[in-house]
Every structure is written in structure tokens, then in C-alpha cells.
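Student: My questions will all concern the structure given below.
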Amino acid sequence: MNVLLDNFALFREGFLGTISLTATSAVLALVLGVVIAGFRVSPVPPLRAFGAAWVTLLRNTPLVLLFLIAFFIVPMVLFPGMSTYLLGVLALGFYTSAFVCEAVRSGINTVAVGQAEAARSLGMTFGQTLSLIVLPQATRTVVAPMSSIMIALTKNSAIAGAFSVTELFGVQKDLSDMGYNIMVVFMWVALAYLVITFTISGLFRLLERRLEVAR
Amino acid sequence: MSEVSVTKDTAGAAEPLVVLDNVNKHFGALHVLQDIDLTIAKGEVVVVIGPSGSGKSTLCRTINRLETIDSGTITVDGKPLPAEGRQLAKLRADVGMVFQSFNLFAHKTVLENVTLGQIKVRRTPKAEAEKRARELLDRVGVGNQADKYPAQLSGGQQQRVAIARALAMGPKVMLFDEPTSALDPEMINEVLEVMQQLASEGMTMVVVTHEMGFARSAANRVVFMADGRIVEEATPDQFFSNPRSDRAKDFLSKILQH
Ligand SMILES: Nc1ncnc2c1ncn2[C@@H]1O[C@H](COP(=O)(O)OP(=O)(O)O)[C@@H](O)[C@H]1O
Ligand SMILES: [Mg+2]
């Protein structure tokens, strides 16, 4: 009778799959996003152009299309035999990195230019100026939009289920195939997503408060 | 900081440290620096004065290439300013800069503000950098504020920290862009005194300021700028008591009115 308890192992696998997929993609998106944001404000024109192209391309492409490219074209031309999990991480991470980049860049723009000028006039390189002076001061304004981006990422990870990556949303298909009441299955899946997204926003709110106290 | 003590009178004969040769710069259609020739000798203190918008800040900022120039050359200690990159970063470490708005690193303590450049740029060991930073903070009279954040200090204190931060790099020349213009009147003197002392110790300084008291007592030379040109160069006494150009006379009559 109880879908959740009867199929707990399946749910747990999907739940952990979503968490793992989201977390790995988030790390990739954060690293890429910060680096690309650095490109976009760098004094080197080719890097700036690359950063702008990266954001324009990835932010304006439907995520499903990126998944199709990742699953059907990437293995063909680049990495044959790459696991579906990693391909999913690539699609999600690249896509999300464009949004992270723009959030970080707007954060960078809130830091007074005098801060970077003072750093440069001390002889700091561009990289030192960005990592030691500008980014730490941009963090506070970036936290709130980053929370939304990560919640969107969690939900976007559901698309990976359609590409046979084990995650929460795919559980729904398996169970309805087994003849369970779809309404009830949906409810449990939705609840599981809520648990994850609430945790994320809670963590970010905590971070925000910590950063406020730090100064 | 420089150990040479060059007195006010002999400074002019010393070797050139900063040389601007036929420098031109535009901001779009605005010709903000026009055929600027200026040589600053080692140990010399040059005060740059002139109406707002005449290009004083821009001139100051081209010397450490915070602003690029369109034509002409700038050399510091015999070396032309390199293009953006590591070489330029290295040169900037030798050119101290003090801004009108202090620009202390807001997320770092006063002590960290003064050690950061030493540690990250000069690769000085942390303990040594802190020792030097505390000495400098004592020297500018804010030693007891070392663990506070910039926002907790008065404007005058912040500007003195900014001077200590620049001095910590052991610069060959110090650039000051209206260092007292953002300060409440009662704090101006504490900053000028620090600069005065620096000048008397032989530091090479370029100071954009309208503080005539400072110019008279510390400067070897006054450079008067208007509309992107150097209109007049003279000793402070000559300049303030007997300006040659009409622009300078007009400008002085305006700032002397109040
Ligand atoms: N980044 C900039 N872009 C465009 N115009 C500028 C810029 N900085 C300064 N200017 C203009 O150049 C002129 C000289 O400015 P500035 O060097 O700051 O003068 P001063 O310091 O003598 O007041 C002014 O007209 C100013 O508006
Ligand atoms: Mg100015």
C-alpha cells in the first residue's frame, strides 16, 4: 500500500542520485563560473571574448538541447564510453556555470573600483587582485542569487533522469510502470525535492548570516 | 623607504627618477593630457595644482599606468613603463599611491592592509612584514588601531594607514592624489604632517593638492595645470606670490578668497 516504504531502496537510490548529481554539477559550475567571470573582467581581450561567448551560448541554449549534445555528440567525437552520470554532470555543470558567472560578475561590479586600483598600485597581479581583494568582497552580494541558481540546478537535474541517469525524477517513471498511483508517487518525489531545495536555501541563509557577522 | 637625505635646495640637481616626455592622452574626444613634459628628480617634492578637471589626477595615474597614454613616453628610474602584466606589476610595487578616497581594503584589518602587499608581492615572511607594518603604523600615529577594520577609523586615520600601506612596499616614489580633499578640516593637518615628515626624509613625491601651506613648506616645485597642459612651473614662493600666467593668477585669486 505505502509506495514509499515498499520501494524505499528505489527512492533512496534516486534521492542520493539527485544529491550526488546536483553536488558534483554545482562544484563544476562554481569553479567554471568563477573562472569565466574572471575572464570576463580580465584585461586580456581574447579572454573577455571567450567568457562572453561562453555565457551567451550556454545561457541561451535550452538545457534539454545541451543534454542531447552531451549524450549523443560528445561520446561520438570526444569521449566514447563516458558514463551517463558524468555526461549529465557536464551538461548541468556547463549550463549552470553561465548563470554562476553572471552572478559573480554582478557581484564583482558592486565592489568599488578603488579597491582594485589600490591592489594594482601595490603591485598585485590581476589574479591576486581578483582573488585576494575583489572576490572576497563580492561574496556577500553573490550568496543570495547563488542560492536560487543552486535550487534551479537541483530541479534541472531531473532532466538527467530522462537520459537514464539514476536520480529522483526517474524513480517516478519506474514506479508508474510498476502500476502505482501516479499522484501519490508524484507527491513523494516532490517532497524529496523539497527536502533538498529547503536544505540548500537553509545552508545559504546560514552562510549569508555568517558573512554579515564577519565584518 | 629611501635613506638618501636630499635637502630642498640640492634636489633639482639630482638624477631624474620619473620622466614624462611629450605625453598625450584622450578620453574619447577630450584631450585630457596635452604634450606633457615633466621630470621629477630623486628626492624632489613636486606639488601639482590647478582647477578641477584640468587633468591632475589623470597625470598622477599615468605614472603607475592606472591610466594608459596615447603617445609619448614615461620612464620610472630609467625604465619605460611596461605593458599590462607581471613587469608592470613589479614596477607598480616601486611606485606608492595614495588616493583621495583612501581605498583601504575594507575586508582586511589595518595591520593586514599594511602587510598584504609585502607578503603577496614582495614575498616578505609574515613575521617580518608584521614587524615592519607595526613600525610604520606607529610612525604615522595609528599603531594602536592595528586590529580594527578601516570602517572603524576616522578619515584622517584611514589616510595615514593608506600612507603606511604604500610605504610598506619601500617605494622609490610616492604619488598623492588630493590626499586631504575628502577629510574633515580638523583631520587635514595630521595627514599633512605625515607627508611633511616624509618629504623631509628625502622621499620623492608627486602631490596633487590645494594645500598651500604644505606646498610652501615641503615642495621644491609647483606645477600648475589647466586644460590638460602644464601652464607654469615655479618654486612655491615664486608661484604663490608672483604667478606669471593669467590662468594661475585667476586660479589663485579664486582659492585665496576663502
Ligand atoms: N575615466 C574617465 N573617462 C572619461 N573622462 C574622464 C575619466 N577620468 C577623468 N575624465 C575627465 O578628464 C578630465 C580630467 O580629469 P581629472 O584628471 O580627474 O582632473 P582633476 O584631477 O584635475 O580634477 C575631466 O574633464 C574628467 O571629467
Ligand atoms: Mg582629481
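Identifiers for the C-alpha cells are assigned positionally: chains receive A, B, ... in sequence, residues are indexed from 1 per chain, and ligands are indexed from 1 in the order shown.
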Report as an NGL selection string all protein, DNA and RNA residues lying within 7 Å of stretch 97-102 of chain B, evaluated on only C-alpha atoms, omitting residues in the same chain fewer than 3 positions from it.

Tutor: (:A and (121)) or (:B and (158-159 or 162-163 or 166 or 174-182))

Student: Throw together the list of residues within 9 Å of ligand 2, counting only C-alpha atoms and all ligand atoms, and drop it here as an MDAnalysis selection string.

Tutor: chainID B and resid 52:58 60 100 177:178 208

Student: Keeping C-alpha atoms for every residue in the selection just given, could you write it to a file as a CSV table (one decimal), in the first residue's frame?

Tutor:
```
chain,number,residue,atom,x,y,z
B,52,SER,CA,39.2,70.8,-11.2
B,53,GLY,CA,39.1,68.8,-14.4
B,54,SER,CA,42.5,70.1,-15.6
B,55,GLY,CA,43.9,66.6,-15.7
B,56,LYS,CA,45.9,66.4,-12.4
B,57,SER,CA,44.5,63.0,-11.3
B,58,THR,CA,45.0,61.6,-14.8
B,60,CYS,CA,49.2,61.2,-11.4
B,100,GLN,CA,41.7,60.8,-2.3
B,177,ASP,CA,46.1,62.4,-5.5
B,178,GLU,CA,44.4,65.0,-3.3
B,208,VAL,CA,48.2,66.9,-6.2
```

Student: Residues of chain B within 9 Å of chain A, counting only C-alpha atoms - could you list those as a VMD selection string?

Tutor: chain B and resid 64 to 66 84 to 86 88 to 99 101 to 108 117 to 118 120 to 122 149 165 to 166 169

Student: With only C-alpha atoms as the counted atoms, please give the residues lying no more than 8 Å from stretch 211-224 of chain B, apart from itself and same-chain residues fewer than 4 positions off, as a list of chain:residue names.

Tutor: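 In the requested form, the answer reads B:Lys8, B:Asp9, B:Ala11, B:Gly12, B:Glu44, B:Val45, B:Val46, B:Val47, B:Val48, B:Ile49, B:Gly50, B:Leu192, B:Gln196, B:Ala199, B:Ser200, B:Ile230, B:Val231, B:Glu232, B:Glu233, B:Ala234, B:Thr235, B:Pro236, B:Asp237, B:Phe239, B:Ala248.
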
Student: Quick one: residues within 7 Å of stretch 204-209 of chain A, only C-alpha atoms, excluding same-chain residues fewer than 4 positions away - as JSON, numbers by chain?

Tutor: {"A": [140, 143, 147, 200, 213]}

Student: What lies within 12 Å of stretch 131-140 of chain B using only C-alpha atoms, ignoring chain neighbours under 6 positions off, as an NGL selection string?

Tutor: :B and (1 or 109-119 or 124-125 or 146-147 or 156-170 or 190-198)

Student: Output N, CA, C and O atoms for every residue in the selection just made, as a compact mmCIF listing (two decimals), in the first residue's frame.

Tutor:
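Written output follows (result21.txt):
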```txt
# COMPACT_ATOMS: atom_id res chain seq x y z
N MET B 1 61.89 52.55 2.82
CA MET B 1 61.92 53.93 2.39
C MET B 1 63.33 54.40 2.11
O MET B 1 64.30 53.83 2.57
N THR B 109 41.95 43.92 8.13
CA THR B 109 42.25 44.82 9.24
C THR B 109 43.33 45.81 8.80
O THR B 109 43.95 45.64 7.75
N VAL B 110 43.51 46.82 9.64
CA VAL B 110 44.54 47.83 9.37
C VAL B 110 45.90 47.15 9.20
O VAL B 110 46.63 47.41 8.23
N LEU B 111 46.21 46.23 10.10
CA LEU B 111 47.51 45.55 10.02
C LEU B 111 47.62 44.76 8.71
O LEU B 111 48.63 44.82 8.01
N GLU B 112 46.56 44.04 8.38
CA GLU B 112 46.57 43.24 7.15
C GLU B 112 46.71 44.12 5.91
O GLU B 112 47.35 43.74 4.93
N ASN B 113 46.08 45.30 5.97
CA ASN B 113 46.21 46.23 4.85
C ASN B 113 47.68 46.56 4.59
O ASN B 113 48.10 46.71 3.44
N VAL B 114 48.45 46.67 5.68
CA VAL B 114 49.84 47.09 5.52
C VAL B 114 50.77 45.89 5.27
O VAL B 114 51.86 46.05 4.72
N THR B 115 50.34 44.69 5.63
CA THR B 115 51.21 43.52 5.40
C THR B 115 50.94 42.84 4.06
O THR B 115 51.82 42.20 3.50
N LEU B 116 49.72 42.98 3.54
CA LEU B 116 49.31 42.19 2.38
C LEU B 116 50.25 42.34 1.17
O LEU B 116 50.69 41.35 0.57
N GLY B 117 50.56 43.57 0.83
CA GLY B 117 51.44 43.81 -0.32
C GLY B 117 52.82 43.24 -0.08
O GLY B 117 53.42 42.62 -0.97
N GLN B 118 53.35 43.42 1.12
CA GLN B 118 54.67 42.89 1.44
C GLN B 118 54.69 41.38 1.26
O GLN B 118 55.61 40.81 0.68
N ILE B 119 53.65 40.71 1.78
CA ILE B 119 53.63 39.24 1.77
C ILE B 119 53.37 38.71 0.35
O ILE B 119 54.07 37.82 -0.12
N THR B 124 57.74 38.87 1.41
CA THR B 124 58.36 39.02 2.73
C THR B 124 57.71 38.02 3.68
O THR B 124 56.49 37.85 3.64
N PRO B 125 58.51 37.35 4.53
CA PRO B 125 57.90 36.45 5.53
C PRO B 125 56.92 37.23 6.41
O PRO B 125 57.13 38.40 6.71
N ALA B 146 45.77 48.88 15.01
CA ALA B 146 46.19 47.83 14.07
C ALA B 146 45.16 46.74 13.82
O ALA B 146 45.06 46.21 12.72
N ASP B 147 44.38 46.39 14.84
CA ASP B 147 43.47 45.26 14.69
C ASP B 147 42.05 45.65 14.29
O ASP B 147 41.17 44.81 14.17
N GLY B 156 41.01 60.73 8.70
CA GLY B 156 42.43 61.07 8.84
C GLY B 156 43.26 59.85 9.18
O GLY B 156 44.36 59.66 8.65
N GLN B 157 42.72 59.01 10.07
CA GLN B 157 43.43 57.77 10.43
C GLN B 157 43.54 56.85 9.22
O GLN B 157 44.59 56.27 8.98
N GLN B 158 42.42 56.73 8.49
CA GLN B 158 42.45 55.86 7.31
C GLN B 158 43.50 56.31 6.31
O GLN B 158 44.23 55.51 5.75
N GLN B 159 43.58 57.62 6.10
CA GLN B 159 44.54 58.10 5.10
C GLN B 159 45.97 57.85 5.58
O GLN B 159 46.84 57.54 4.78
N ARG B 160 46.19 57.94 6.89
CA ARG B 160 47.54 57.67 7.38
C ARG B 160 47.88 56.19 7.24
O ARG B 160 49.02 55.82 6.95
N VAL B 161 46.87 55.32 7.44
CA VAL B 161 47.09 53.89 7.19
C VAL B 161 47.43 53.67 5.71
O VAL B 161 48.32 52.89 5.37
N ALA B 162 46.70 54.38 4.85
CA ALA B 162 46.95 54.22 3.41
C ALA B 162 48.38 54.62 3.06
O ALA B 162 49.03 54.00 2.23
N ILE B 163 48.88 55.66 3.73
CA ILE B 163 50.27 56.07 3.50
C ILE B 163 51.22 54.97 3.99
O ILE B 163 52.17 54.59 3.30
N ALA B 164 50.92 54.42 5.17
CA ALA B 164 51.75 53.33 5.70
C ALA B 164 51.73 52.13 4.76
O ALA B 164 52.76 51.48 4.52
N ARG B 165 50.55 51.84 4.21
CA ARG B 165 50.43 50.70 3.29
C ARG B 165 51.33 50.89 2.07
O ARG B 165 52.00 49.96 1.62
N ALA B 166 51.34 52.11 1.54
CA ALA B 166 52.19 52.38 0.37
C ALA B 166 53.67 52.32 0.75
O ALA B 166 54.49 51.75 0.04
N LEU B 167 54.00 52.89 1.93
CA LEU B 167 55.40 52.92 2.35
C LEU B 167 55.95 51.53 2.61
O LEU B 167 57.14 51.28 2.45
N ALA B 168 55.06 50.61 3.01
CA ALA B 168 55.50 49.26 3.36
C ALA B 168 56.16 48.55 2.18
O ALA B 168 56.93 47.62 2.35
N MET B 169 55.85 49.00 0.97
CA MET B 169 56.44 48.37 -0.21
C MET B 169 57.84 48.90 -0.50
O MET B 169 58.51 48.42 -1.41
N GLY B 170 58.27 49.90 0.27
CA GLY B 170 59.57 50.50 0.00
C GLY B 170 59.62 51.17 -1.35
O GLY B 170 60.51 50.90 -2.16
N GLU B 190 46.83 66.31 10.44
CA GLU B 190 47.51 65.08 10.86
C GLU B 190 48.06 64.33 9.66
O GLU B 190 49.09 63.66 9.74
N VAL B 191 47.37 64.43 8.51
CA VAL B 191 47.86 63.77 7.30
C VAL B 191 49.00 64.57 6.68
O VAL B 191 50.03 64.02 6.29
N LEU B 192 48.83 65.89 6.64
CA LEU B 192 49.88 66.73 6.06
C LEU B 192 51.19 66.60 6.85
O LEU B 192 52.27 66.60 6.26
N GLU B 193 51.06 66.45 8.17
CA GLU B 193 52.28 66.32 8.98
C GLU B 193 53.06 65.07 8.61
O GLU B 193 54.29 65.09 8.54
N VAL B 194 52.33 63.99 8.39
CA VAL B 194 52.99 62.74 7.97
C VAL B 194 53.70 62.94 6.63
O VAL B 194 54.85 62.52 6.44
N MET B 195 53.01 63.62 5.72
CA MET B 195 53.59 63.84 4.39
C MET B 195 54.80 64.76 4.47
O MET B 195 55.80 64.57 3.79
N GLN B 196 54.67 65.76 5.33
CA GLN B 196 55.75 66.71 5.56
C GLN B 196 57.01 65.98 6.03
O GLN B 196 58.11 66.22 5.53
N GLN B 197 56.81 65.08 6.97
CA GLN B 197 57.94 64.34 7.52
C GLN B 197 58.58 63.47 6.45
O GLN B 197 59.80 63.38 6.33
N LEU B 198 57.73 62.86 5.65
CA LEU B 198 58.20 62.02 4.55
C LEU B 198 59.06 62.83 3.59
O LEU B 198 60.12 62.40 3.15
```

Student: Please compute the atom 14 (C, counted along the ligand's line) of ligand 1-atom CA of B:Ala226 distance, one decimal, in Å.

Tutor: 9.7 Å
